[in-house]
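Quick look at structure-v9.cif (mmCIF, N, CA and C atoms):
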data_structure
loop_
_atom_site.group_PDB
_atom_site.id
_atom_site.type_symbol
_atom_site.label_atom_id
_atom_site.label_comp_id
_atom_site.auth_asym_id
_atom_site.auth_seq_id
_atom_site.Cartn_x
_atom_site.Cartn_y
_atom_site.Cartn_z
ATOM 1 N N MET A 1 -6.404 12.543 -4.194
ATOM 2 C CA MET A 1 -7.330 13.020 -3.204
ATOM 3 C C MET A 1 -8.654 12.264 -3.290
ATOM 4 N N LYS A 2 -9.137 12.074 -4.514
ATOM 5 C CA LYS A 2 -10.411 11.399 -4.675
ATOM 6 C C LYS A 2 -10.310 9.942 -4.232
ATOM 7 N N SER A 3 -9.180 9.288 -4.469
ATOM 8 C CA SER A 3 -9.058 7.884 -4.095
ATOM 9 C C SER A 3 -9.076 7.717 -2.572
ATOM 10 N N LYS A 4 -8.486 8.676 -1.855
ATOM 11 C CA LYS A 4 -8.511 8.613 -0.407
ATOM 12 C C LYS A 4 -9.940 8.777 0.102
ATOM 13 N N TYR A 5 -10.675 9.714 -0.469
ATOM 14 C CA TYR A 5 -12.056 9.948 -0.078
ATOM 15 C C TYR A 5 -12.922 8.747 -0.440
ATOM 16 N N LEU A 6 -12.645 8.167 -1.582
ATOM 17 C CA LEU A 6 -13.392 7.001 -2.023
ATOM 18 C C LEU A 6 -13.144 5.815 -1.085
ATOM 19 N N ASN A 7 -11.908 5.612 -0.675
ATOM 20 C CA ASN A 7 -11.587 4.527 0.251
ATOM 21 C C ASN A 7 -12.292 4.720 1.597
ATOM 22 N N VAL A 8 -12.310 5.931 2.120
ATOM 23 C CA VAL A 8 -12.943 6.221 3.395
ATOM 24 C C VAL A 8 -14.459 6.071 3.271
ATOM 25 N N SER A 9 -15.036 6.551 2.181
ATOM 26 C CA SER A 9 -16.485 6.488 2.034
ATOM 27 C C SER A 9 -16.982 5.061 1.787
ATOM 28 N N VAL A 10 -16.150 4.206 1.272
ATOM 29 C CA VAL A 10 -16.523 2.819 1.040
ATOM 30 C C VAL A 10 -16.162 1.961 2.252
ATOM 31 N N ALA A 11 -15.035 2.225 2.884
ATOM 32 C CA ALA A 11 -14.544 1.397 3.977
ATOM 33 C C ALA A 11 -15.409 1.532 5.227
ATOM 34 N N GLN A 12 -15.856 2.754 5.549
ATOM 35 C CA GLN A 12 -16.647 2.942 6.765
ATOM 36 C C GLN A 12 -17.989 2.204 6.717
ATOM 37 N N PRO A 13 -18.759 2.305 5.641
ATOM 38 C CA PRO A 13 -20.008 1.534 5.613
ATOM 39 C C PRO A 13 -19.765 0.025 5.620
ATOM 40 N N LEU A 14 -18.698 -0.433 4.952
ATOM 41 C CA LEU A 14 -18.385 -1.858 4.966
ATOM 42 C C LEU A 14 -18.003 -2.321 6.370
ATOM 43 N N LEU A 15 -17.241 -1.499 7.062
ATOM 44 C CA LEU A 15 -16.853 -1.829 8.423
ATOM 45 C C LEU A 15 -18.091 -1.875 9.329
ATOM 46 N N GLY A 16 -18.988 -0.920 9.145
ATOM 47 C CA GLY A 16 -20.228 -0.910 9.920
ATOM 48 C C GLY A 16 -21.075 -2.138 9.622
ATOM 49 N N SER A 17 -21.179 -2.507 8.368
ATOM 50 C CA SER A 17 -21.933 -3.698 7.988
ATOM 51 C C SER A 17 -21.299 -4.955 8.560
ATOM 52 N N LEU A 18 -19.991 -4.997 8.564
ATOM 53 C CA LEU A 18 -19.283 -6.140 9.121
ATOM 54 C C LEU A 18 -19.554 -6.274 10.620
ATOM 55 N N ILE A 19 -19.529 -5.179 11.332
ATOM 56 C CA ILE A 19 -19.793 -5.208 12.778
ATOM 57 C C ILE A 19 -21.219 -5.663 13.052
ATOM 58 N N VAL A 20 -22.159 -5.130 12.290
ATOM 59 C CA VAL A 20 -23.559 -5.522 12.466
ATOM 60 C C VAL A 20 -23.744 -7.000 12.139
ATOM 61 N N SER A 21 -23.109 -7.473 11.100
ATOM 62 C CA SER A 21 -23.231 -8.882 10.712
ATOM 63 C C SER A 21 -22.666 -9.809 11.783
ATOM 64 N N VAL A 22 -21.493 -9.478 12.286
ATOM 65 C CA VAL A 22 -20.876 -10.303 13.324
ATOM 66 C C VAL A 22 -21.756 -10.317 14.573
ATOM 67 N N THR A 23 -22.332 -9.175 14.931
ATOM 68 C CA THR A 23 -23.207 -9.100 16.099
ATOM 69 C C THR A 23 -24.447 -9.961 15.908
ATOM 70 N N LEU A 24 -25.055 -9.881 14.739
ATOM 71 C CA LEU A 24 -26.253 -10.671 14.477
ATOM 72 C C LEU A 24 -25.959 -12.171 14.471
ATOM 73 N N ILE A 25 -24.837 -12.540 13.897
ATOM 74 C CA ILE A 25 -24.483 -13.957 13.846
ATOM 75 C C ILE A 25 -24.233 -14.493 15.254
ATOM 76 N N SER A 26 -23.507 -13.734 16.071
ATOM 77 C CA SER A 26 -23.230 -14.211 17.427
ATOM 78 C C SER A 26 -24.500 -14.251 18.263
ATOM 79 N N THR A 27 -25.400 -13.303 18.060
ATOM 80 C CA THR A 27 -26.666 -13.299 18.789
ATOM 81 C C THR A 27 -27.528 -14.477 18.374
ATOM 82 N N SER A 28 -27.587 -14.756 17.088
ATOM 83 C CA SER A 28 -28.413 -15.869 16.631
ATOM 84 C C SER A 28 -27.850 -17.205 17.104
ATOM 85 N N ALA A 29 -26.549 -17.309 17.256
ATOM 86 C CA ALA A 29 -25.955 -18.539 17.777
ATOM 87 C C ALA A 29 -26.369 -18.753 19.225
ATOM 88 N N CYS A 30 -26.425 -17.678 20.022
ATOM 89 C CA CYS A 30 -26.860 -17.795 21.412
ATOM 90 C C CYS A 30 -28.324 -18.197 21.487
ATOM 91 N N VAL A 31 -29.158 -17.609 20.644
ATOM 92 C CA VAL A 31 -30.575 -17.941 20.645
ATOM 93 C C VAL A 31 -30.780 -19.389 20.241
ATOM 94 N N CYS A 32 -30.036 -19.842 19.260
ATOM 95 C CA CYS A 32 -30.147 -21.232 18.815
ATOM 96 C C CYS A 32 -29.719 -22.177 19.926
ATOM 97 N N ALA A 33 -28.681 -21.848 20.659
ATOM 98 C CA ALA A 33 -28.223 -22.690 21.753
ATOM 99 C C ALA A 33 -29.268 -22.760 22.859
ATOM 100 N N GLN A 34 -29.947 -21.657 23.139
ATOM 101 C CA GLN A 34 -30.968 -21.656 24.180
ATOM 102 C C GLN A 34 -32.163 -22.505 23.773
ATOM 103 N N THR A 35 -32.599 -22.398 22.538
ATOM 104 C CA THR A 35 -33.772 -23.163 22.124
ATOM 105 C C THR A 35 -33.459 -24.654 22.051
ATOM 106 N N SER A 36 -32.243 -25.013 21.686
ATOM 107 C CA SER A 36 -31.922 -26.432 21.620
ATOM 108 C C SER A 36 -31.843 -27.026 23.021
ATOM 109 N N ALA A 37 -31.411 -26.263 24.004
ATOM 110 C CA ALA A 37 -31.376 -26.761 25.371
ATOM 111 C C ALA A 37 -32.792 -26.925 25.911
ATOM 112 N N GLU A 38 -33.695 -26.030 25.530
ATOM 113 C CA GLU A 38 -35.065 -26.109 26.000
ATOM 114 C C GLU A 38 -35.843 -27.219 25.306
ATOM 115 N N SER A 39 -35.421 -27.615 24.129
ATOM 116 C CA SER A 39 -36.147 -28.648 23.405
ATOM 117 C C SER A 39 -35.934 -30.032 24.009
ATOM 118 N N ASN A 40 -34.993 -30.155 24.963
ATOM 119 C CA ASN A 40 -34.747 -31.436 25.615
ATOM 120 C C ASN A 40 -35.719 -31.690 26.761
ATOM 121 N N ASN A 41 -36.695 -30.800 26.967
ATOM 122 C CA ASN A 41 -37.665 -30.998 28.034
ATOM 123 C C ASN A 41 -38.428 -32.289 27.809
ATOM 124 N N HIS A 42 -38.710 -32.949 28.910
ATOM 125 C CA HIS A 42 -39.434 -34.215 28.871
ATOM 126 C C HIS A 42 -40.900 -33.951 28.576
ATOM 127 N N GLN A 43 -41.444 -34.579 27.552
ATOM 128 C CA GLN A 43 -42.867 -34.476 27.265
ATOM 129 C C GLN A 43 -43.576 -35.588 28.008
ATOM 130 N N LEU A 44 -44.682 -35.239 28.651
ATOM 131 C CA LEU A 44 -45.427 -36.211 29.437
ATOM 132 C C LEU A 44 -46.008 -37.303 28.550
ATOM 133 N N THR A 45 -45.976 -38.509 29.060
ATOM 134 C CA THR A 45 -46.605 -39.618 28.357
ATOM 135 C C THR A 45 -48.054 -39.732 28.815
ATOM 136 N N ARG A 46 -48.814 -40.489 28.099
ATOM 137 C CA ARG A 46 -50.220 -40.693 28.453
ATOM 138 C C ARG A 46 -50.330 -41.347 29.839
ATOM 139 N N ALA A 47 -49.469 -42.289 30.110
ATOM 140 C CA ALA A 47 -49.483 -42.980 31.402
ATOM 141 C C ALA A 47 -49.191 -42.014 32.546
ATOM 142 N N GLU A 48 -48.257 -41.079 32.335
ATOM 143 C CA GLU A 48 -47.934 -40.100 33.369
ATOM 144 C C GLU A 48 -49.116 -39.173 33.636
ATOM 145 N N VAL A 49 -49.797 -38.753 32.584
ATOM 146 C CA VAL A 49 -50.965 -37.883 32.741
ATOM 147 C C VAL A 49 -52.075 -38.622 33.474
ATOM 148 N N LEU A 50 -52.303 -39.875 33.117
ATOM 149 C CA LEU A 50 -53.324 -40.667 33.799
ATOM 150 C C LEU A 50 -52.967 -40.875 35.275
ATOM 151 N N HIS A 51 -51.707 -41.099 35.555
ATOM 152 C CA HIS A 51 -51.272 -41.264 36.941
ATOM 153 C C HIS A 51 -51.504 -39.978 37.732
ATOM 154 N N GLU A 52 -51.192 -38.847 37.125
ATOM 155 C CA GLU A 52 -51.412 -37.559 37.789
ATOM 156 C C GLU A 52 -52.902 -37.347 38.066
ATOM 157 N N LEU A 53 -53.747 -37.685 37.107
ATOM 158 C CA LEU A 53 -55.189 -37.555 37.293
ATOM 159 C C LEU A 53 -55.681 -38.471 38.411
ATOM 160 N N GLU A 54 -55.148 -39.694 38.472
ATOM 161 C CA GLU A 54 -55.514 -40.617 39.548
ATOM 162 C C GLU A 54 -55.116 -40.063 40.910
ATOM 163 N N GLU A 55 -53.931 -39.454 40.985
ATOM 164 C CA GLU A 55 -53.491 -38.857 42.246
ATOM 165 C C GLU A 55 -54.404 -37.705 42.656
ATOM 166 N N LEU A 56 -54.799 -36.862 41.686
ATOM 167 C CA LEU A 56 -55.691 -35.748 41.981
ATOM 168 C C LEU A 56 -57.053 -36.254 42.465
ATOM 169 N N GLN A 57 -57.543 -37.303 41.843
ATOM 170 C CA GLN A 57 -58.828 -37.868 42.251
ATOM 171 C C GLN A 57 -58.725 -38.490 43.646
ATOM 172 N N ALA A 58 -57.573 -39.049 43.978
ATOM 173 C CA ALA A 58 -57.389 -39.682 45.281
ATOM 174 C C ALA A 58 -57.456 -38.669 46.422
ATOM 175 N N VAL A 59 -57.135 -37.407 46.142
ATOM 176 C CA VAL A 59 -57.192 -36.383 47.191
ATOM 177 C C VAL A 59 -58.467 -35.558 47.116
ATOM 178 N N GLY A 60 -59.413 -35.980 46.265
ATOM 179 C CA GLY A 60 -60.725 -35.339 46.278
ATOM 180 C C GLY A 60 -61.130 -34.557 45.050
ATOM 181 N N TYR A 61 -60.281 -34.446 44.058
ATOM 182 C CA TYR A 61 -60.647 -33.703 42.852
ATOM 183 C C TYR A 61 -61.593 -34.554 42.017
ATOM 184 N N ASN A 62 -62.654 -33.917 41.498
ATOM 185 C CA ASN A 62 -63.640 -34.614 40.676
ATOM 186 C C ASN A 62 -63.700 -33.960 39.303
ATOM 187 N N PRO A 63 -63.097 -34.575 38.276
ATOM 188 C CA PRO A 63 -63.083 -33.955 36.952
ATOM 189 C C PRO A 63 -64.439 -33.993 36.250
ATOM 190 N N THR A 64 -65.378 -34.768 36.751
ATOM 191 C CA THR A 64 -66.681 -34.870 36.088
ATOM 192 C C THR A 64 -67.590 -33.677 36.379
ATOM 193 N N LEU A 65 -67.179 -32.790 37.274
ATOM 194 C CA LEU A 65 -67.999 -31.618 37.576
ATOM 195 C C LEU A 65 -67.971 -30.600 36.448
ATOM 196 N N GLY A 66 -67.049 -30.739 35.539
ATOM 197 C CA GLY A 66 -66.989 -29.836 34.389
ATOM 198 C C GLY A 66 -66.394 -28.493 34.759
ATOM 199 N N HIS A 67 -66.735 -27.498 33.992
ATOM 200 C CA HIS A 67 -66.181 -26.162 34.179
ATOM 201 C C HIS A 67 -67.107 -25.332 35.050
ATOM 202 N N ASP A 68 -67.250 -25.724 36.294
ATOM 203 C CA ASP A 68 -68.059 -24.915 37.189
ATOM 204 C C ASP A 68 -67.239 -23.724 37.679
ATOM 205 N N GLY A 69 -67.796 -22.939 38.539
ATOM 206 C CA GLY A 69 -67.154 -21.691 38.965
ATOM 207 C C GLY A 69 -65.853 -21.851 39.711
ATOM 208 N N ASP A 70 -65.644 -22.980 40.390
ATOM 209 C CA ASP A 70 -64.416 -23.140 41.162
ATOM 210 C C ASP A 70 -63.420 -24.103 40.512
ATOM 211 N N TYR A 71 -63.510 -24.272 39.211
ATOM 212 C CA TYR A 71 -62.626 -25.214 38.502
ATOM 213 C C TYR A 71 -61.144 -24.944 38.763
ATOM 214 N N PRO A 72 -60.624 -23.747 38.513
ATOM 215 C CA PRO A 72 -59.172 -23.586 38.724
ATOM 216 C C PRO A 72 -58.794 -23.750 40.193
ATOM 217 N N ALA A 73 -59.628 -23.269 41.080
ATOM 218 C CA ALA A 73 -59.309 -23.358 42.499
ATOM 219 C C ALA A 73 -59.320 -24.817 42.956
ATOM 220 N N ALA A 74 -60.255 -25.606 42.454
ATOM 221 C CA ALA A 74 -60.346 -27.008 42.842
ATOM 222 C C ALA A 74 -59.114 -27.787 42.381
ATOM 223 N N VAL A 75 -58.664 -27.527 41.170
ATOM 224 C CA VAL A 75 -57.475 -28.222 40.657
ATOM 225 C C VAL A 75 -56.243 -27.792 41.447
ATOM 226 N N LEU A 76 -56.109 -26.496 41.699
ATOM 227 C CA LEU A 76 -54.955 -26.012 42.450
ATOM 228 C C LEU A 76 -54.935 -26.589 43.859
ATOM 229 N N ALA A 77 -56.088 -26.653 44.504
ATOM 230 C CA ALA A 77 -56.152 -27.221 45.848
ATOM 231 C C ALA A 77 -55.758 -28.696 45.828
ATOM 232 N N ALA A 78 -56.232 -29.428 44.840
ATOM 233 C CA ALA A 78 -55.874 -30.840 44.722
ATOM 234 C C ALA A 78 -54.384 -31.011 44.448
ATOM 235 N N GLU A 79 -53.820 -30.163 43.616
ATOM 236 C CA GLU A 79 -52.387 -30.233 43.324
ATOM 237 C C GLU A 79 -51.567 -29.949 44.574
ATOM 238 N N GLN A 80 -52.017 -29.000 45.401
ATOM 239 C CA GLN A 80 -51.311 -28.708 46.648
ATOM 240 C C GLN A 80 -51.384 -29.896 47.605
ATOM 241 N N LYS A 81 -52.539 -30.564 47.653
ATOM 242 C CA LYS A 81 -52.672 -31.747 48.503
ATOM 243 C C LYS A 81 -51.746 -32.867 48.037
ATOM 244 N N VAL A 82 -51.662 -33.058 46.721
ATOM 245 C CA VAL A 82 -50.770 -34.090 46.177
ATOM 246 C C VAL A 82 -49.312 -33.736 46.489
ATOM 247 N N ALA A 83 -48.955 -32.465 46.334
ATOM 248 C CA ALA A 83 -47.587 -32.041 46.636
ATOM 249 C C ALA A 83 -47.272 -32.256 48.114
ATOM 250 N N ALA A 84 -48.228 -31.951 49.001
ATOM 251 C CA ALA A 84 -48.022 -32.168 50.433
ATOM 252 C C ALA A 84 -47.872 -33.662 50.736
ATOM 253 N N LYS A 85 -48.659 -34.481 50.052
ATOM 254 C CA LYS A 85 -48.571 -35.940 50.231
ATOM 255 C C LYS A 85 -47.196 -36.448 49.804
ATOM 256 N N HIS A 86 -46.704 -35.970 48.665
ATOM 257 C CA HIS A 86 -45.384 -36.379 48.177
ATOM 258 C C HIS A 86 -44.293 -35.919 49.143
ATOM 259 N N GLN A 87 -44.431 -34.697 49.672
ATOM 260 C CA GLN A 87 -43.434 -34.185 50.613
ATOM 261 C C GLN A 87 -43.431 -35.031 51.893
ATOM 262 N N ALA A 88 -44.625 -35.415 52.368
ATOM 263 C CA ALA A 88 -44.710 -36.263 53.562
ATOM 264 C C ALA A 88 -44.058 -37.618 53.308
ATOM 265 N N GLU A 89 -44.262 -38.167 52.111
ATOM 266 C CA GLU A 89 -43.633 -39.445 51.760
ATOM 267 C C GLU A 89 -42.113 -39.318 51.725
ATOM 268 N N ARG A 90 -41.616 -38.211 51.147
ATOM 269 C CA ARG A 90 -40.166 -37.991 51.111
ATOM 270 C C ARG A 90 -39.609 -37.833 52.520
ATOM 271 N N ASN A 91 -40.339 -37.096 53.377
ATOM 272 C CA ASN A 91 -39.884 -36.902 54.753
ATOM 273 C C ASN A 91 -39.858 -38.226 55.507
ATOM 274 N N ALA A 92 -40.864 -39.069 55.273
ATOM 275 C CA ALA A 92 -40.909 -40.368 55.934
ATOM 276 C C ALA A 92 -39.730 -41.238 55.494
ATOM 277 N N LEU A 93 -39.437 -41.216 54.202
ATOM 278 C CA LEU A 93 -38.298 -41.996 53.706
ATOM 279 C C LEU A 93 -36.984 -41.471 54.266
ATOM 280 N N ALA A 94 -36.867 -40.150 54.343
ATOM 281 C CA ALA A 94 -35.649 -39.557 54.894
ATOM 282 C C ALA A 94 -35.531 -39.895 56.374
ATOM 283 N N GLY A 95 -36.654 -39.904 57.082
ATOM 284 C CA GLY A 95 -36.642 -40.266 58.497
ATOM 285 C C GLY A 95 -36.243 -41.705 58.708
ATOM 286 N N GLU A 96 -36.742 -42.608 57.857
ATOM 287 C CA GLU A 96 -36.366 -44.020 57.944
ATOM 288 C C GLU A 96 -34.881 -44.197 57.669
ATOM 289 N N GLY A 97 -34.394 -43.483 56.691
ATOM 290 C CA GLY A 97 -32.963 -43.562 56.366
ATOM 291 C C GLY A 97 -32.116 -43.028 57.506
ATOM 292 N N GLN A 98 -32.561 -41.949 58.119
ATOM 293 C CA GLN A 98 -31.829 -41.360 59.236
ATOM 294 C C GLN A 98 -31.858 -42.308 60.435
ATOM 295 N N ALA A 99 -33.034 -42.935 60.691
ATOM 296 C CA ALA A 99 -33.149 -43.877 61.810
ATOM 297 C C ALA A 99 -32.250 -45.086 61.587
ATOM 298 N N ALA A 100 -32.197 -45.577 60.367
ATOM 299 C CA ALA A 100 -31.342 -46.722 60.054
ATOM 300 C C ALA A 100 -29.873 -46.350 60.235
ATOM 301 N N LEU A 101 -29.516 -45.144 59.867
ATOM 302 C CA LEU A 101 -28.134 -44.694 60.010
ATOM 303 C C LEU A 101 -27.769 -44.580 61.484
ATOM 304 N N ILE A 102 -28.675 -44.045 62.276
ATOM 305 C CA ILE A 102 -28.423 -43.906 63.696
ATOM 306 C C ILE A 102 -28.308 -45.295 64.342
ATOM 307 N N LYS A 103 -29.194 -46.210 63.943
ATOM 308 C CA LYS A 103 -29.198 -47.556 64.506
ATOM 309 C C LYS A 103 -27.895 -48.283 64.209
ATOM 310 N N THR A 104 -27.411 -48.163 62.972
ATOM 311 C CA THR A 104 -26.166 -48.872 62.614
ATOM 312 C C THR A 104 -24.945 -48.238 63.265
ATOM 313 N N THR A 105 -24.964 -46.950 63.477
ATOM 314 C CA THR A 105 -23.799 -46.308 64.080
ATOM 315 C C THR A 105 -23.804 -46.412 65.589
ATOM 316 N N SER A 106 -24.971 -46.653 66.204
ATOM 317 C CA SER A 106 -25.037 -46.731 67.666
ATOM 318 C C SER A 106 -24.818 -48.131 68.199
ATOM 319 N N GLN A 107 -24.828 -49.144 67.334
ATOM 320 C CA GLN A 107 -24.612 -50.517 67.784
ATOM 321 C C GLN A 107 -23.136 -50.710 68.101
ATOM 322 N N PRO A 108 -22.875 -51.369 69.215
ATOM 323 C CA PRO A 108 -21.450 -51.612 69.551
ATOM 324 C C PRO A 108 -20.849 -52.631 68.604
ATOM 325 N N SER A 109 -19.608 -52.438 68.302
ATOM 326 C CA SER A 109 -18.927 -53.379 67.406
ATOM 327 C C SER A 109 -18.442 -54.588 68.194
ATOM 328 N N PRO A 110 -18.473 -55.813 67.621
ATOM 329 C CA PRO A 110 -18.069 -57.034 68.343
ATOM 330 C C PRO A 110 -16.607 -57.138 68.577
#

Encoding of this model in structure tokens:
Amino acid sequence: MKSKYLNVSVAQPLLGSLIVSVTLISTSACVCAQTSAESNNHQLTRAEVLHELEELQAVGYNPTLGHDGDYPAAVLAAEQKVAAKHQAERNALAGEGQAALIKTTSQPSP
């Protein structure tokens, strides 16, 4: 009788510990996989940062004004202007590609 009780009293906590251990190991494997995928993000180079600053200055942002009252708004407005400029450039390229496609398909074949 005592051996049966001893087996049950020892087996249940071991089984519980085993379940908790397996859960923790599988969870930590998922977390590790997520962080390794995120670590592949591209870090900006100095040249890229300088290019971005040049683009912001080209649309009117002035970094020499320092931290005046409209600093975040001024940067955000400049970033929106740069994004609009890039979108216009992409649209122009897409339009040129579409025009070239139409031109080549509308020409009669010899």

* Between atom N of Leu53 of chain A and atom N of Gly69 of chain A, distance in Å (one decimal) ->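 Distance between the two atoms: 20.4 Å.
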
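The spacing separating atom N of Asn41 of chain A from atom C of Ala78 of chain A amounts to 24.9 Å.
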
* **Å distance separating atom N of Asn91 of chain A from atom CA of Val75 of chain A, one decimal place** =>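 The value is 23.1 Å.
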
* Which polymer residues have any atom within 12 Å of an atom of Ala83 of chain A, counting only C-alpha atoms, with same-chain residues fewer than 6 positions away left out, as an MDAnalysis selection string? -> chainID A and resid 52 55:56 59 76:77 89:90
